[in-house]
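Colleague: Following this line is data-v6.txt, made up of compact mmCIF, C-alpha atoms:
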```
# COMPACT_ATOMS: atom_id res chain seq x y z
CA MET A 1 -10.02 -14.96 21.98
CA LEU A 2 -9.24 -12.55 24.84
CA ALA A 3 -7.07 -10.39 22.58
CA ASN A 4 -9.88 -10.13 20.03
CA LEU A 5 -12.42 -9.21 22.74
CA ARG A 6 -10.06 -6.53 24.07
CA HIS A 7 -9.58 -5.15 20.54
CA GLN A 8 -13.34 -4.97 19.98
CA LEU A 9 -13.84 -3.27 23.35
CA VAL A 10 -11.17 -0.63 22.63
CA LEU A 11 -12.60 -0.07 19.15
CA GLY A 12 -16.09 0.39 20.57
CA ILE A 13 -14.84 2.96 23.09
CA LYS A 14 -13.00 4.88 20.36
CA ARG A 15 -16.17 4.99 18.24
CA LEU A 16 -18.05 6.47 21.20
CA VAL A 17 -15.31 8.99 22.01
CA TYR A 18 -14.46 10.20 18.51
CA SER A 19 -17.88 9.77 16.93
CA ARG A 20 -17.94 11.63 13.59
CA ARG A 21 -14.73 13.61 14.20
CA GLY A 22 -12.37 10.72 13.55
CA GLU A 23 -9.51 9.45 15.69
CA PRO A 24 -6.58 11.93 15.66
CA TYR A 25 -3.17 10.78 14.43
CA ARG A 26 -0.38 13.30 14.95
CA ILE A 27 2.79 13.18 12.88
CA LYS A 28 5.34 15.74 11.64
CA GLY A 29 3.24 18.70 12.76
CA HIS A 30 0.06 17.36 11.15
CA THR A 31 -3.07 16.13 12.90
CA LEU A 32 -4.73 13.62 10.60
CA ARG A 33 -8.06 11.96 11.36
CA TYR A 34 -9.28 8.43 10.64
CA LEU A 35 -12.31 6.30 11.30
CA PRO A 36 -11.56 4.28 14.46
CA GLY A 37 -9.74 1.12 13.46
CA THR A 38 -8.27 2.52 10.24
CA ARG A 39 -5.40 4.81 11.30
CA PRO A 40 -1.73 3.96 10.60
CA VAL A 41 0.43 2.24 13.20
CA ARG A 42 2.07 4.71 15.55
CA LEU A 43 5.84 5.28 15.33
CA SER A 44 6.26 4.07 18.92
CA TYR A 45 5.87 0.50 17.57
CA ILE A 46 8.92 0.75 15.30
CA HIS A 47 10.80 -1.85 17.38
CA SER A 48 7.84 -4.16 17.91
CA GLN A 49 8.51 -7.91 17.98
CA ASN A 50 5.42 -8.33 15.82
CA ALA A 51 6.79 -8.26 12.26
CA VAL A 52 3.60 -6.90 10.68
CA VAL A 53 3.33 -4.06 13.19
CA ARG A 54 7.05 -3.26 12.93
CA TYR A 55 6.98 -3.13 9.13
CA ASP A 56 3.94 -0.86 9.20
CA ALA A 57 5.66 1.54 11.60
CA LEU A 58 8.81 1.52 9.46
CA GLN A 59 6.76 2.41 6.38
CA VAL A 60 5.20 5.31 8.26
CA GLN A 61 8.67 6.51 9.29
CA LEU A 62 10.03 6.31 5.75
CA LEU A 63 7.11 8.05 4.03
CA SER A 64 6.82 10.77 6.66
CA THR A 65 10.52 11.65 6.40
CA GLN A 66 11.17 11.09 2.68
CA LEU A 67 8.18 12.98 1.22
CA ALA A 68 8.07 16.77 1.22
CA GLU A 69 6.03 19.70 -0.09
CA GLY A 70 5.64 19.50 -3.86
CA ASP A 71 6.41 15.78 -4.18
CA THR A 72 4.16 13.28 -5.95
CA ALA A 73 3.47 9.76 -4.68
CA ILE A 74 1.43 6.70 -5.60
CA ASP A 75 -0.29 4.34 -3.17
CA ILE A 76 -1.19 1.00 -4.79
CA GLY A 77 -3.47 -0.99 -2.51
CA ALA A 78 -4.58 2.08 -0.59
CA HIS A 79 -7.17 0.20 1.52
CA CYS A 80 -8.77 2.71 3.91
CA GLY A 81 -6.23 5.44 3.18
CA GLN A 82 -3.82 4.86 6.04
CA TYR A 83 -0.85 5.82 3.87
CA SER A 84 -2.59 7.85 1.14
CA ILE A 85 -3.65 10.48 3.67
CA LEU A 86 -0.22 10.50 5.28
CA MET A 87 1.41 10.87 1.84
CA ALA A 88 -0.95 13.71 0.91
CA ALA A 89 -0.15 15.58 4.13
CA MET A 90 3.59 15.28 3.47
CA CYS A 91 3.33 16.23 -0.24
CA GLY A 92 1.34 19.34 0.64
CA ARG A 93 -0.87 21.57 -1.45
CA SER A 94 1.63 21.73 -4.34
CA GLY A 95 2.15 17.97 -4.51
CA HIS A 96 -0.17 15.18 -5.54
CA VAL A 97 -1.01 11.60 -4.56
CA ALA A 98 -2.78 8.89 -6.56
CA ALA A 99 -4.46 6.15 -4.52
CA PHE A 100 -5.48 2.85 -6.16
CA GLU A 101 -8.14 0.82 -4.34
CA PRO A 102 -10.34 -1.54 -6.37
CA ASP A 103 -12.20 -3.02 -3.37
CA PRO A 104 -15.45 -1.00 -3.08
CA TYR A 105 -15.83 -1.69 0.65
CA ALA A 106 -12.32 -0.47 1.52
CA ARG A 107 -12.66 2.43 -0.93
CA GLU A 108 -15.80 3.65 0.83
CA LYS A 109 -13.85 3.93 4.09
CA LEU A 110 -11.00 5.62 2.19
CA LEU A 111 -13.42 8.27 0.94
CA GLN A 112 -14.84 8.74 4.43
CA ASN A 113 -11.35 9.21 5.82
CA LEU A 114 -10.59 11.78 3.14
CA ASP A 115 -13.72 13.67 4.16
CA LEU A 116 -12.34 13.78 7.72
CA ASN A 117 -9.22 15.59 6.42
CA PRO A 118 -10.43 18.58 4.38
CA ALA A 119 -7.21 20.53 5.03
CA ILE A 120 -5.05 18.23 2.89
CA LYS A 121 -5.02 18.18 -0.88
CA ARG A 122 -7.30 15.30 -1.80
CA PRO A 123 -5.57 12.36 -3.53
CA SER A 124 -6.93 11.04 -6.82
CA VAL A 125 -8.81 7.85 -5.93
CA GLU A 126 -8.62 5.23 -8.69
CA VAL A 127 -11.03 2.28 -8.80
CA CYS A 128 -8.86 0.10 -11.03
CA ALA A 129 -6.26 -2.44 -9.98
CA CYS A 130 -2.71 -2.34 -11.32
CA SER A 131 -1.22 -5.29 -13.18
CA ASP A 132 1.04 -6.12 -16.15
CA VAL A 133 -1.79 -5.86 -18.72
CA ALA A 134 -4.91 -3.77 -19.20
CA GLY A 135 -8.28 -5.51 -19.05
CA GLU A 136 -10.48 -6.92 -16.30
CA ALA A 137 -10.01 -9.41 -13.47
CA THR A 138 -11.74 -10.88 -10.42
CA LEU A 139 -10.99 -9.31 -7.05
CA TYR A 140 -11.55 -11.58 -4.04
CA SER A 141 -12.83 -9.58 -1.08
CA ARG A 142 -13.93 -10.21 2.48
CA GLY A 143 -15.87 -7.02 3.00
CA GLY A 144 -12.93 -4.70 2.50
CA ASN A 145 -10.50 -6.19 5.01
CA SER A 146 -6.79 -5.72 4.37
CA GLN A 147 -6.42 -8.97 2.39
CA SER A 148 -8.43 -8.24 -0.78
CA SER A 149 -6.52 -9.83 -3.66
CA LEU A 150 -6.62 -10.70 -7.35
CA ALA A 151 -5.69 -14.24 -6.27
CA ARG A 152 -7.97 -16.45 -4.19
CA SER A 153 -4.95 -17.62 -2.18
CA GLY A 154 -4.29 -14.00 -1.24
CA VAL A 155 -7.36 -13.92 1.01
CA GLY A 156 -7.31 -17.52 2.22
CA PHE A 157 -10.14 -19.92 1.50
CA SER A 158 -12.55 -22.21 3.27
CA THR A 159 -15.88 -23.64 2.15
CA SER A 160 -17.60 -21.96 5.09
CA ASP A 161 -16.19 -18.50 4.40
CA ARG A 162 -16.01 -17.92 0.67
CA PRO A 163 -14.75 -14.48 -0.42
CA GLU A 164 -16.95 -12.27 -2.57
CA GLU A 165 -15.90 -12.11 -6.23
CA ILE A 166 -15.93 -8.62 -7.78
CA ARG A 167 -14.99 -7.77 -11.37
CA VAL A 168 -12.55 -4.84 -11.51
CA PRO A 169 -10.71 -3.02 -14.33
CA LEU A 170 -6.95 -3.42 -14.75
CA ILE A 171 -4.35 -0.90 -15.88
CA THR A 172 -0.56 -0.89 -16.01
CA LEU A 173 1.24 1.65 -13.88
CA ASP A 174 3.31 2.90 -16.84
CA THR A 175 0.12 3.51 -18.82
CA TYR A 176 -1.53 5.36 -15.94
CA ILE A 177 1.48 7.63 -15.43
CA ALA A 178 1.71 8.41 -19.17
CA GLU A 179 -2.03 8.96 -19.74
CA HIS A 180 -2.38 11.25 -16.71
CA ASN A 181 0.87 13.12 -17.37
CA PHE A 182 1.81 12.21 -13.81
CA PRO A 183 5.21 13.61 -12.72
CA GLU A 184 7.90 11.12 -11.73
CA PRO A 185 6.82 9.95 -8.27
CA ARG A 186 9.11 10.53 -5.33
CA TRP A 187 7.77 7.30 -3.77
CA VAL A 188 5.52 4.45 -4.84
CA LYS A 189 4.07 2.12 -2.20
CA ILE A 190 2.78 -1.31 -3.29
CA ASP A 191 0.72 -3.56 -0.99
CA THR A 192 -1.44 -5.85 -3.10
CA GLU A 193 -1.52 -9.33 -1.52
CA GLY A 194 0.62 -11.11 -4.11
CA ALA A 195 0.14 -8.99 -7.26
CA GLU A 196 3.34 -7.03 -6.66
CA ILE A 197 5.46 -8.76 -9.31
CA ARG A 198 2.78 -8.39 -11.98
CA ILE A 199 2.49 -4.70 -11.11
CA LEU A 200 6.24 -4.22 -11.45
CA LYS A 201 6.22 -6.06 -14.80
CA GLY A 202 3.78 -3.39 -15.98
CA ALA A 203 5.97 -0.58 -14.62
CA LYS A 204 9.30 -0.99 -16.39
CA GLN A 205 9.53 2.71 -17.24
CA LEU A 206 8.90 3.54 -13.61
CA LEU A 207 11.55 1.03 -12.54
CA GLY A 208 13.99 2.78 -14.86
CA SER A 209 13.28 6.15 -13.22
CA ASN A 210 14.60 7.54 -9.94
CA ALA A 211 11.34 6.90 -8.07
CA GLY A 212 11.65 5.24 -4.68
CA ILE A 213 9.74 1.95 -4.56
CA LEU A 214 8.44 0.47 -1.32
CA CYS A 215 6.96 -2.99 -1.91
CA GLU A 216 5.30 -5.47 0.43
CA LEU A 217 5.99 -9.12 -0.42
CA HIS A 218 3.33 -11.86 -0.30
CA PRO A 219 5.15 -14.98 -1.59
CA TYR A 220 2.32 -17.29 -0.50
CA ALA A 221 0.21 -15.97 -3.41
CA TRP A 222 2.92 -15.86 -6.10
CA THR A 223 2.24 -19.39 -7.35
CA GLU A 224 -1.36 -18.52 -8.23
CA PHE A 225 -0.16 -15.38 -9.99
CA GLY A 226 2.41 -17.45 -11.89
CA ASN A 227 5.31 -15.42 -10.52
CA THR A 228 8.62 -16.29 -8.86
CA LEU A 229 11.31 -14.67 -6.77
CA LYS A 230 13.65 -14.95 -9.76
CA GLU A 231 11.29 -12.73 -11.78
CA LEU A 232 11.40 -10.09 -9.07
CA LYS A 233 15.19 -10.20 -8.95
CA ASP A 234 15.46 -10.07 -12.75
CA LEU A 235 13.15 -7.04 -12.91
CA ALA A 236 15.22 -5.22 -10.32
CA SER A 237 18.54 -6.13 -11.92
CA ALA A 238 17.40 -5.13 -15.43
CA SER A 239 16.44 -1.69 -14.15
CA GLY A 240 19.65 -1.16 -12.19
CA ARG A 241 18.10 -1.74 -8.78
CA SER A 242 18.84 -3.93 -5.79
CA ILE A 243 16.34 -5.37 -3.31
CA ARG A 244 16.66 -5.33 0.47
CA TYR A 245 14.31 -5.68 3.38
CA LEU A 246 13.23 -2.44 4.99
CA ASP A 247 14.47 -3.43 8.46
CA GLN A 248 17.83 -4.98 7.61
CA ASP A 249 20.85 -4.27 5.43
CA SER A 250 20.97 -7.54 3.48
CA GLU A 251 19.17 -8.20 0.20
CA ILE A 252 16.51 -10.87 -0.05
CA GLY A 253 17.76 -14.43 -0.38
CA ASP A 254 16.61 -17.33 -2.52
CA HIS A 255 13.56 -17.90 -0.32
CA ALA A 256 11.75 -14.62 0.20
CA GLU A 257 9.60 -14.28 3.31
CA TYR A 258 6.82 -11.85 4.10
CA GLY A 259 8.09 -8.33 4.56
CA VAL A 260 8.52 -4.90 3.01
CA VAL A 261 11.40 -4.35 0.61
CA LEU A 262 13.02 -1.34 -0.97
CA LEU A 263 13.85 -1.55 -4.69
CA GLU A 264 16.84 0.75 -4.55
CA ARG A 265 18.63 2.24 -7.52
CA ARG A 266 22.25 1.14 -7.62
CA GLN A 267 24.90 3.83 -7.64
CA ARG A 268 26.21 4.36 -11.16
CA GLY A 269 29.97 4.01 -11.38
```
Translate this structure into structure tokens?
Modeller:
Amino acid sequence: MLANLRHQLVLGIKRLVYSRRGEPYRIKGHTLRYLPGTRPVRLSYIHSQNAVVRYDALQVQLLSTQLAEGDTAIDIGAHCGQYSILMAAMCGRSGHVAAFEPDPYAREKLLQNLDLNPAIKRPSVEVCACSDVAGEATLYSRGGNSQSSLARSGVGFSTSDRPEEIRVPLITLDTYIAEHNFPEPRWVKIDTEGAEIRILKGAKQLLGSNAGILCELHPYAWTEFGNTLKELKDLASASGRSIRYLDQDSEIGDHAEYGVVLLERRQRG
């Protein structure tokens, strides 16, 4: 309770201080701006004991050091643009970023954050969700918080707090890349509250490429999606990749836990 009150107090002060200018976020010589409460985690939290905070800081470190001028990148589950804007700044004017965010509430904040950063090349903002088939599905949303999901279990459920159900279009990542003549991405980031395996099943050509893949795991929602850890391992193996957690050297075991993994291409002998 006290932590939440403190967070709301700090957020209120930031809104007063930064008003319409946006909160500054400085990284790699860039000053990016975000609506208060939507900026990325700062790199100073890279050793945090809080796993969620630590993984977020590690993602920021990876993307800010591994992307460069002229690169292309894809952000699947862009939310308010925390990473899309960072990616766009790193890829520069000659690069390009595609940001997928089907939740209209989160997407509105993403667009506002983009407006706060006119100096960067604007990412393509896509309203569809990625999956293993094209079509339409129900997105469960709680007003654009970070847990919007194509599975009800991805957002949690109680009779007193039912999520809003929104119909959204679906596309496969391979189809999107082919139809838009999108260059091979340097990095793809996936954070979709349980849909990650379905997305990868619809991205076999991408998996076979040299693109770096950064993927957040949400095993608690896999049952509703009809997916398993074995499927994830089989997809990686079939494409010549291995899977390891971002903050440790070992690959994932038989019982995956929440975390961010790298789908790394194995060295060819």
Colleague: What's around Glu126 of chain A at 8 Å? Count all atoms listed in the file, leave out sequence neighbours fewer than 4 positions away in its own chain, and write the answer as a PyMOL selection string.
Modeller: chain A and resi 98-102
Colleague: What are the nearest atom pairs, with distances in Å to one decimal, for all residues of segment 179-202 of chain A that come at most 12 Å from segment 80-91 of chain A, using all atoms listed in the file, set out by chain and rising residue number as a Markdown table?
Modeller:
```
| residue | atom | partner | partner_atom | distance |
| --- | --- | --- | --- | --- |
| A:Pro185 | CA | A:Cys91 | CA | 10.8 |
| A:Arg186 | CA | A:Cys91 | CA | 9.6 |
| A:Trp187 | CA | A:Met87 | CA | 9.2 |
| A:Val188 | CA | A:Met87 | CA | 10.1 |
| A:Lys189 | CA | A:Tyr83 | CA | 8.6 |
| A:Ile190 | CA | A:Tyr83 | CA | 10.7 |
| A:Asp191 | CA | A:Tyr83 | CA | 10.7 |
```
Colleague: May I have the residues at most 12 Å from (-0.4, 16.7, 12.3) in the file's coordinates, counting all atoms listed in the file, as a VMD selection string?
Modeller: chain A and resid 24 to 33 64 85 to 86 88 to 90 117 119 to 120
Colleague: Could you jot down the atom CA of Arg162 of chain A to atom CA of Gly144 of chain A separation for me, Å, one decimal place?
Modeller: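 These two atoms are separated by 13.7 Å.
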Colleague: For Pro169 of chain A, which of A:Ser153, A:Asn145, A:Val133, A:Gln66 is the closest residue, counting all atoms listed in the file?
Modeller: A:Val133
Colleague: Using only C-alpha atoms, can you tell me which of A:Asp161, A:Ile252, A:Trp222, A:Leu207 comes closest to Leu235 of chain A?
Modeller: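 With only C-alpha atoms as the atom set, the closest residue is A:Leu207.
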